[in-house]
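The structure appears below as structure tokens.
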Amino acid sequence: GNSMSAETKIVTLQDDYHVWTRREGQGPIKMLLLHGGPGMTHEYLEPFSDYIKKHPEVEIIYYDQLGSYFSDQPDDPTLWNIPRFIDEIEEVRKAWHLEQFYLYGQSFGGLFALEYAASQYGKHVKAVIDSNMVDSYQDYAKYINKYRDTMDPDDVAYMKKIEAAGKYDDPHYGELLMKLYHRCICRIPEWPDAVKRTFDHLNEQVYVTLQGPTEFNITGSCKDWTIRDRLKKILVPTLVLGAKYDSMNPEEIKAVAKRLPKGEAHICPNGSHFSIFDDQEDYFNAITSFIEKVEGRKI
């Protein structure tokens with residue numbers, strides 16, 4: 001957006017930590033964006049800046065969660081838990097005076113979006129976009145490990161050996177991990193700058209505390225997370241986005257939509273976990289038609 005329609009706001013949280021937020025656009029349809037990781041940044045969500053140029057009715061708010069690169073990064077693993085993050089989202093909502101807004105979350109941000117919508121704060125939400133996130137961590141762990149098993153058997157064996165030894169800084173392991181990420185995280189051969197920056201800026205402490213050392217070794221505090229039994233509390237229209245080559249099971253994405261009172265699913269036919277990049281047109285078309293359905297008009 002141009003400088004006239006952008007504003008950066010540093011939000012001071014109750015515990016005196018600061019988080020970075022930025023509004024772009026001036027449309028009546030407000031959307032708060034929750035990045036994933038956990039512990040990544042808003043940077044890989046930058047395609048939304050181009051999106052709102054084409055759809056000026058939509059205003060977006062980027063936000064780096066606590067621990068992320070543009071916000072404070074306290075060295076304190078006790079901070080990295082879901083309830084505290086949900087309260088933080090509420091503080092950001094209040095700082096921007098958002099009411100009846102669209103809550104978008106991608107990957108781990110999708111977990112936060114569902115949790116927020118199912119919480120006592122959910123009454124402020126008009127609609128949810130849960131992008132590339134299922135409703136159970138165990139389901140995700142099972143699927144991505146099955147997905148990895150379709151790789152070259154020698155590569156899989158090597159990776160499992162390194163994981164058993166906990167030697168995650170092994171260079172060849174890193175290469176094999178990237179090979180897999182190019183299949184299911186982002187399928188563009190040369191990763192876009194925004195994706196590279198996001199990975200460079202990942203906060204390891206946040207990621208490992210909640211998730212574990214890699215996408216396949218789910219040892220973090222979220223390993224038994226599920227919201228399946230609480231999806232019925234989310235009464236607003238909810239779009240569940242997935243992709244054919246995603247690290248999240250597209251069949252499970254469809255099942256999540258069916259479990260939601262007002263859920264609908266869309267699977268990007270050529271995309272993966274970052275279909276915001278590798279199936280971009282289809283991805284944003286799905287978001288547009290969802291918003292138009294909720295608003296009852298063209299945007």
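The way I read the labels, and the way they are meant: chains A, B, ... in the order of the structure tokens, residue 1 as the first residue of every chain, and ligand 1 as the first ligand shown, with later ones counted on from there.
Counting only C-alpha atoms, region 8-12 of chain A has the following residues at most 10 Å away, ignoring those fewer than 3 positions along the same chain: Asp15, Asp16, Tyr17, His18, Val19, Trp20, Thr21, Arg22, Arg23, Glu24, Ile61, Tyr62, Tyr63, Phe70, Ser71, Glu88, Glu91, Val92, Lys94, Ala95 and Trp96 of chain A.
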Just write the chosen residues, N, CA, C and O atoms, as a PDB file, in the first residue's frame.
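Generated output (part_9.pdb):
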```
ATOM      1  N   ASP A  15       2.124  -7.558  29.812  1.00  0.00           N
ATOM      2  CA  ASP A  15       3.376  -7.879  30.512  1.00  0.00           C
ATOM      3  C   ASP A  15       4.524  -6.956  30.091  1.00  0.00           C
ATOM      4  O   ASP A  15       5.682  -7.238  30.364  1.00  0.00           O
ATOM      5  N   ASP A  16       4.176  -5.859  29.390  1.00  0.00           N
ATOM      6  CA  ASP A  16       5.145  -4.835  28.961  1.00  0.00           C
ATOM      7  C   ASP A  16       6.057  -5.247  27.812  1.00  0.00           C
ATOM      8  O   ASP A  16       6.954  -4.495  27.433  1.00  0.00           O
ATOM      9  N   TYR A  17       5.830  -6.418  27.228  1.00  0.00           N
ATOM     10  CA  TYR A  17       6.529  -6.738  25.985  1.00  0.00           C
ATOM     11  C   TYR A  17       5.830  -6.007  24.838  1.00  0.00           C
ATOM     12  O   TYR A  17       4.680  -5.581  24.961  1.00  0.00           O
ATOM     13  N   HIS A  18       6.544  -5.883  23.713  1.00  0.00           N
ATOM     14  CA  HIS A  18       6.001  -5.145  22.569  1.00  0.00           C
ATOM     15  C   HIS A  18       5.884  -6.045  21.342  1.00  0.00           C
ATOM     16  O   HIS A  18       6.793  -6.833  21.081  1.00  0.00           O
ATOM     17  N   VAL A  19       4.803  -5.881  20.611  1.00  0.00           N
ATOM     18  CA  VAL A  19       4.671  -6.584  19.337  1.00  0.00           C
ATOM     19  C   VAL A  19       4.446  -5.575  18.215  1.00  0.00           C
ATOM     20  O   VAL A  19       3.787  -4.548  18.392  1.00  0.00           O
ATOM     21  N   TRP A  20       5.009  -5.904  17.061  1.00  0.00           N
ATOM     22  CA  TRP A  20       4.969  -5.065  15.869  1.00  0.00           C
ATOM     23  C   TRP A  20       3.713  -5.389  15.066  1.00  0.00           C
ATOM     24  O   TRP A  20       3.439  -6.563  14.795  1.00  0.00           O
ATOM     25  N   THR A  21       2.962  -4.351  14.694  1.00  0.00           N
ATOM     26  CA  THR A  21       1.782  -4.544  13.841  1.00  0.00           C
ATOM     27  C   THR A  21       1.788  -3.459  12.768  1.00  0.00           C
ATOM     28  O   THR A  21       2.358  -2.381  12.959  1.00  0.00           O
ATOM     29  N   ARG A  22       1.163  -3.741  11.640  1.00  0.00           N
ATOM     30  CA  ARG A  22       1.117  -2.762  10.544  1.00  0.00           C
ATOM     31  C   ARG A  22      -0.167  -2.912   9.755  1.00  0.00           C
ATOM     32  O   ARG A  22      -0.471  -4.003   9.259  1.00  0.00           O
ATOM     33  N   ARG A  23      -0.900  -1.818   9.658  1.00  0.00           N
ATOM     34  CA  ARG A  23      -2.124  -1.813   8.856  1.00  0.00           C
ATOM     35  C   ARG A  23      -1.804  -1.331   7.450  1.00  0.00           C
ATOM     36  O   ARG A  23      -1.077  -0.355   7.269  1.00  0.00           O
ATOM     37  N   GLU A  24      -2.346  -2.025   6.453  1.00  0.00           N
ATOM     38  CA  GLU A  24      -2.243  -1.570   5.062  1.00  0.00           C
ATOM     39  C   GLU A  24      -3.637  -1.554   4.451  1.00  0.00           C
ATOM     40  O   GLU A  24      -4.415  -2.482   4.650  1.00  0.00           O
ATOM     41  N   ILE A  61      -4.103  -6.272   8.538  1.00  0.00           N
ATOM     42  CA  ILE A  61      -3.180  -5.944   9.624  1.00  0.00           C
ATOM     43  C   ILE A  61      -2.175  -7.082   9.749  1.00  0.00           C
ATOM     44  O   ILE A  61      -2.526  -8.218  10.082  1.00  0.00           O
ATOM     45  N   TYR A  62      -0.938  -6.768   9.393  1.00  0.00           N
ATOM     46  CA  TYR A  62       0.178  -7.684   9.616  1.00  0.00           C
ATOM     47  C   TYR A  62       0.564  -7.605  11.087  1.00  0.00           C
ATOM     48  O   TYR A  62       0.419  -6.556  11.724  1.00  0.00           O
ATOM     49  N   TYR A  63       1.134  -8.702  11.573  1.00  0.00           N
ATOM     50  CA  TYR A  63       1.496  -8.686  12.999  1.00  0.00           C
ATOM     51  C   TYR A  63       2.504  -9.793  13.253  1.00  0.00           C
ATOM     52  O   TYR A  63       2.329 -10.914  12.817  1.00  0.00           O
ATOM     53  N   PHE A  70      10.201  -9.073  14.235  1.00  0.00           N
ATOM     54  CA  PHE A  70       9.928  -7.637  14.306  1.00  0.00           C
ATOM     55  C   PHE A  70       9.420  -7.217  15.694  1.00  0.00           C
ATOM     56  O   PHE A  70       9.275  -6.035  15.964  1.00  0.00           O
ATOM     57  N   SER A  71       9.122  -8.189  16.525  1.00  0.00           N
ATOM     58  CA  SER A  71       8.605  -7.928  17.873  1.00  0.00           C
ATOM     59  C   SER A  71       9.668  -8.257  18.918  1.00  0.00           C
ATOM     60  O   SER A  71      10.763  -8.705  18.565  1.00  0.00           O
ATOM     61  N   GLU A  88      -2.809 -12.467  23.674  1.00  0.00           N
ATOM     62  CA  GLU A  88      -2.035 -11.483  22.917  1.00  0.00           C
ATOM     63  C   GLU A  88      -2.797 -11.022  21.670  1.00  0.00           C
ATOM     64  O   GLU A  88      -2.840  -9.823  21.356  1.00  0.00           O
ATOM     65  N   GLU A  91      -5.265  -8.556  22.599  1.00  0.00           N
ATOM     66  CA  GLU A  91      -4.686  -7.236  22.847  1.00  0.00           C
ATOM     67  C   GLU A  91      -4.421  -6.490  21.533  1.00  0.00           C
ATOM     68  O   GLU A  91      -4.617  -5.271  21.441  1.00  0.00           O
ATOM     69  N   VAL A  92      -3.992  -7.222  20.515  1.00  0.00           N
ATOM     70  CA  VAL A  92      -3.777  -6.610  19.197  1.00  0.00           C
ATOM     71  C   VAL A  92      -5.122  -6.168  18.602  1.00  0.00           C
ATOM     72  O   VAL A  92      -5.242  -5.077  18.037  1.00  0.00           O
ATOM     73  N   LYS A  94      -7.780  -5.226  20.204  1.00  0.00           N
ATOM     74  CA  LYS A  94      -8.209  -4.013  20.909  1.00  0.00           C
ATOM     75  C   LYS A  94      -7.412  -2.794  20.442  1.00  0.00           C
ATOM     76  O   LYS A  94      -7.968  -1.704  20.282  1.00  0.00           O
ATOM     77  N   ALA A  95      -6.121  -2.966  20.249  1.00  0.00           N
ATOM     78  CA  ALA A  95      -5.268  -1.842  19.834  1.00  0.00           C
ATOM     79  C   ALA A  95      -5.730  -1.254  18.498  1.00  0.00           C
ATOM     80  O   ALA A  95      -5.597  -0.058  18.254  1.00  0.00           O
ATOM     81  N   TRP A  96      -6.283  -2.107  17.636  1.00  0.00           N
ATOM     82  CA  TRP A  96      -6.766  -1.650  16.321  1.00  0.00           C
ATOM     83  C   TRP A  96      -8.283  -1.463  16.293  1.00  0.00           C
ATOM     84  O   TRP A  96      -8.839  -1.194  15.227  1.00  0.00           O
TER      85      TRP A  96
END
```
Please list as an MDAnalysis selection string every residue within 10 Å of Arg230 (chain A), counting only C-alpha atoms and excluding residues in the same chain fewer than 5 positions away. chainID A and resid 114:115 118:119 135 259:260
Expected file: the selected residues, N, CA and C atoms, as an mmCIF file, in the first residue's frame:
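Saved as out15.cif:
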```cif
data_model
loop_
_atom_site.group_PDB
_atom_site.id
_atom_site.type_symbol
_atom_site.label_atom_id
_atom_site.label_comp_id
_atom_site.auth_asym_id
_atom_site.auth_seq_id
_atom_site.Cartn_x
_atom_site.Cartn_y
_atom_site.Cartn_z
ATOM 1 N N LEU A 114 -8.335 -20.671 15.000
ATOM 2 C CA LEU A 114 -9.402 -21.550 15.494
ATOM 3 C C LEU A 114 -9.564 -21.407 17.004
ATOM 4 N N GLU A 115 -8.441 -21.385 17.723
ATOM 5 C CA GLU A 115 -8.485 -21.246 19.180
ATOM 6 C C GLU A 115 -9.133 -19.918 19.598
ATOM 7 N N ALA A 118 -12.873 -19.960 18.947
ATOM 8 C CA ALA A 118 -13.597 -20.845 19.874
ATOM 9 C C ALA A 118 -13.578 -20.318 21.311
ATOM 10 N N SER A 119 -12.799 -19.253 21.546
ATOM 11 C CA SER A 119 -12.634 -18.733 22.913
ATOM 12 C C SER A 119 -13.714 -17.699 23.238
ATOM 13 N N ASP A 135 -7.123 -29.936 12.561
ATOM 14 C CA ASP A 135 -7.626 -29.693 13.926
ATOM 15 C C ASP A 135 -7.003 -30.609 14.968
ATOM 16 N N ARG A 259 -16.770 -30.593 9.975
ATOM 17 C CA ARG A 259 -17.017 -30.590 11.426
ATOM 18 C C ARG A 259 -17.414 -29.206 11.937
ATOM 19 N N LEU A 260 -17.083 -28.175 11.181
ATOM 20 C CA LEU A 260 -17.416 -26.812 11.600
ATOM 21 C C LEU A 260 -18.879 -26.514 11.274
#
```
Any idea what's packed within 12 Å of Lys167 (chain A), counting only C-alpha atoms, ignoring anything in its chain fewer than 6 positions away? Could you give it as JSON, numbers by chain? {"A": [158, 159, 160, 161, 173, 174, 213, 214]}
Written selection (N, CA and C atoms) as a PDB file, in the first residue's frame:
```
ATOM      1  N   TYR A 158      18.504 -42.277   6.385  1.00  0.00           N
ATOM      2  CA  TYR A 158      19.535 -41.353   6.873  1.00  0.00           C
ATOM      3  C   TYR A 158      18.921 -40.332   7.831  1.00  0.00           C
ATOM      4  N   MET A 159      17.781 -39.765   7.423  1.00  0.00           N
ATOM      5  CA  MET A 159      17.129 -38.749   8.251  1.00  0.00           C
ATOM      6  C   MET A 159      16.725 -39.328   9.606  1.00  0.00           C
ATOM      7  N   LYS A 160      16.181 -40.532   9.591  1.00  0.00           N
ATOM      8  CA  LYS A 160      15.721 -41.138  10.844  1.00  0.00           C
ATOM      9  C   LYS A 160      16.897 -41.453  11.767  1.00  0.00           C
ATOM     10  N   LYS A 161      18.023 -41.820  11.166  1.00  0.00           N
ATOM     11  CA  LYS A 161      19.229 -42.114  11.948  1.00  0.00           C
ATOM     12  C   LYS A 161      19.712 -40.842  12.658  1.00  0.00           C
ATOM     13  N   TYR A 173      21.693 -33.779   6.508  1.00  0.00           N
ATOM     14  CA  TYR A 173      20.305 -33.805   7.004  1.00  0.00           C
ATOM     15  C   TYR A 173      19.571 -32.533   6.560  1.00  0.00           C
ATOM     16  N   GLY A 174      20.258 -31.401   6.695  1.00  0.00           N
ATOM     17  CA  GLY A 174      19.687 -30.117   6.269  1.00  0.00           C
ATOM     18  C   GLY A 174      19.321 -30.109   4.798  1.00  0.00           C
ATOM     19  N   PRO A 213      11.986 -30.263  17.232  1.00  0.00           N
ATOM     20  CA  PRO A 213      13.169 -29.878  16.443  1.00  0.00           C
ATOM     21  C   PRO A 213      12.927 -29.779  14.929  1.00  0.00           C
ATOM     22  N   THR A 214      11.975 -30.547  14.390  1.00  0.00           N
ATOM     23  CA  THR A 214      11.657 -30.450  12.952  1.00  0.00           C
ATOM     24  C   THR A 214      10.170 -30.712  12.755  1.00  0.00           C
TER      25      THR A 214
END
```
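Proximity ranking of A:Leu103, A:Ile52, A:Ala141, A:Val195 relative to Ala117 (chain A) places A:Leu103 first, based on only C-alpha atoms.
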DSSP-assigned strand (DSSP E) members of region 61-261 of chain A, reported as a VMD selection string: chain A and resid 61 to 63 101 to 106 125 to 131 238 to 243
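With distances restricted to only C-alpha atoms, A:Phe108 is the closest residue to His35 (chain A) from A:Tyr143, A:Trp80, A:Tyr168, A:Phe108.
The shell of residues at most 6 Å from Ser247 (chain A), with only C-alpha atoms counted and near chain neighbours (fewer than 3 positions) removed, consists of Ile144, Cys184 and His273 of chain A.
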Would you write out those residues with C-alpha atoms, as a PDB file, in the first residue's frame?
```
ATOM      1  CA  ILE A 144       3.805 -35.686   7.284  1.00  0.00           C
ATOM      2  CA  CYS A 184       5.451 -29.988   0.505  1.00  0.00           C
ATOM      3  CA  HIS A 273       1.889 -25.627   2.464  1.00  0.00           C
TER       4      HIS A 273
END
```
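Between CA of Tyr181 (chain A) and CA of Gln138 (chain A) lies a distance of 19.6 Å.
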What's around Thr219 (chain A) at 12 Å? Count only C-alpha atoms, leave out sequence neighbours fewer than 2 positions away in its own chain, and write the answer as a list in words. Tyr137, Gln138, Ala141, Glu163, Tyr207, Val208, Thr209, Leu210, Gln211, Gly212, Pro213, Thr214, Glu215, Phe216, Asn217, Ser221, Cys222, Lys223, Asp224 and Trp225 of chain A
Env of Lys298 (chain A): 12 Å cut, atoms = only C-alpha atoms, seq-sep filter 3 positions within chain, self excluded. Answer as a list in words. His55, Pro56, Glu57, Val58, Thr288, Ser289, Phe290, Ile291, Glu292, Lys293, Val294 and Glu295 of chain A
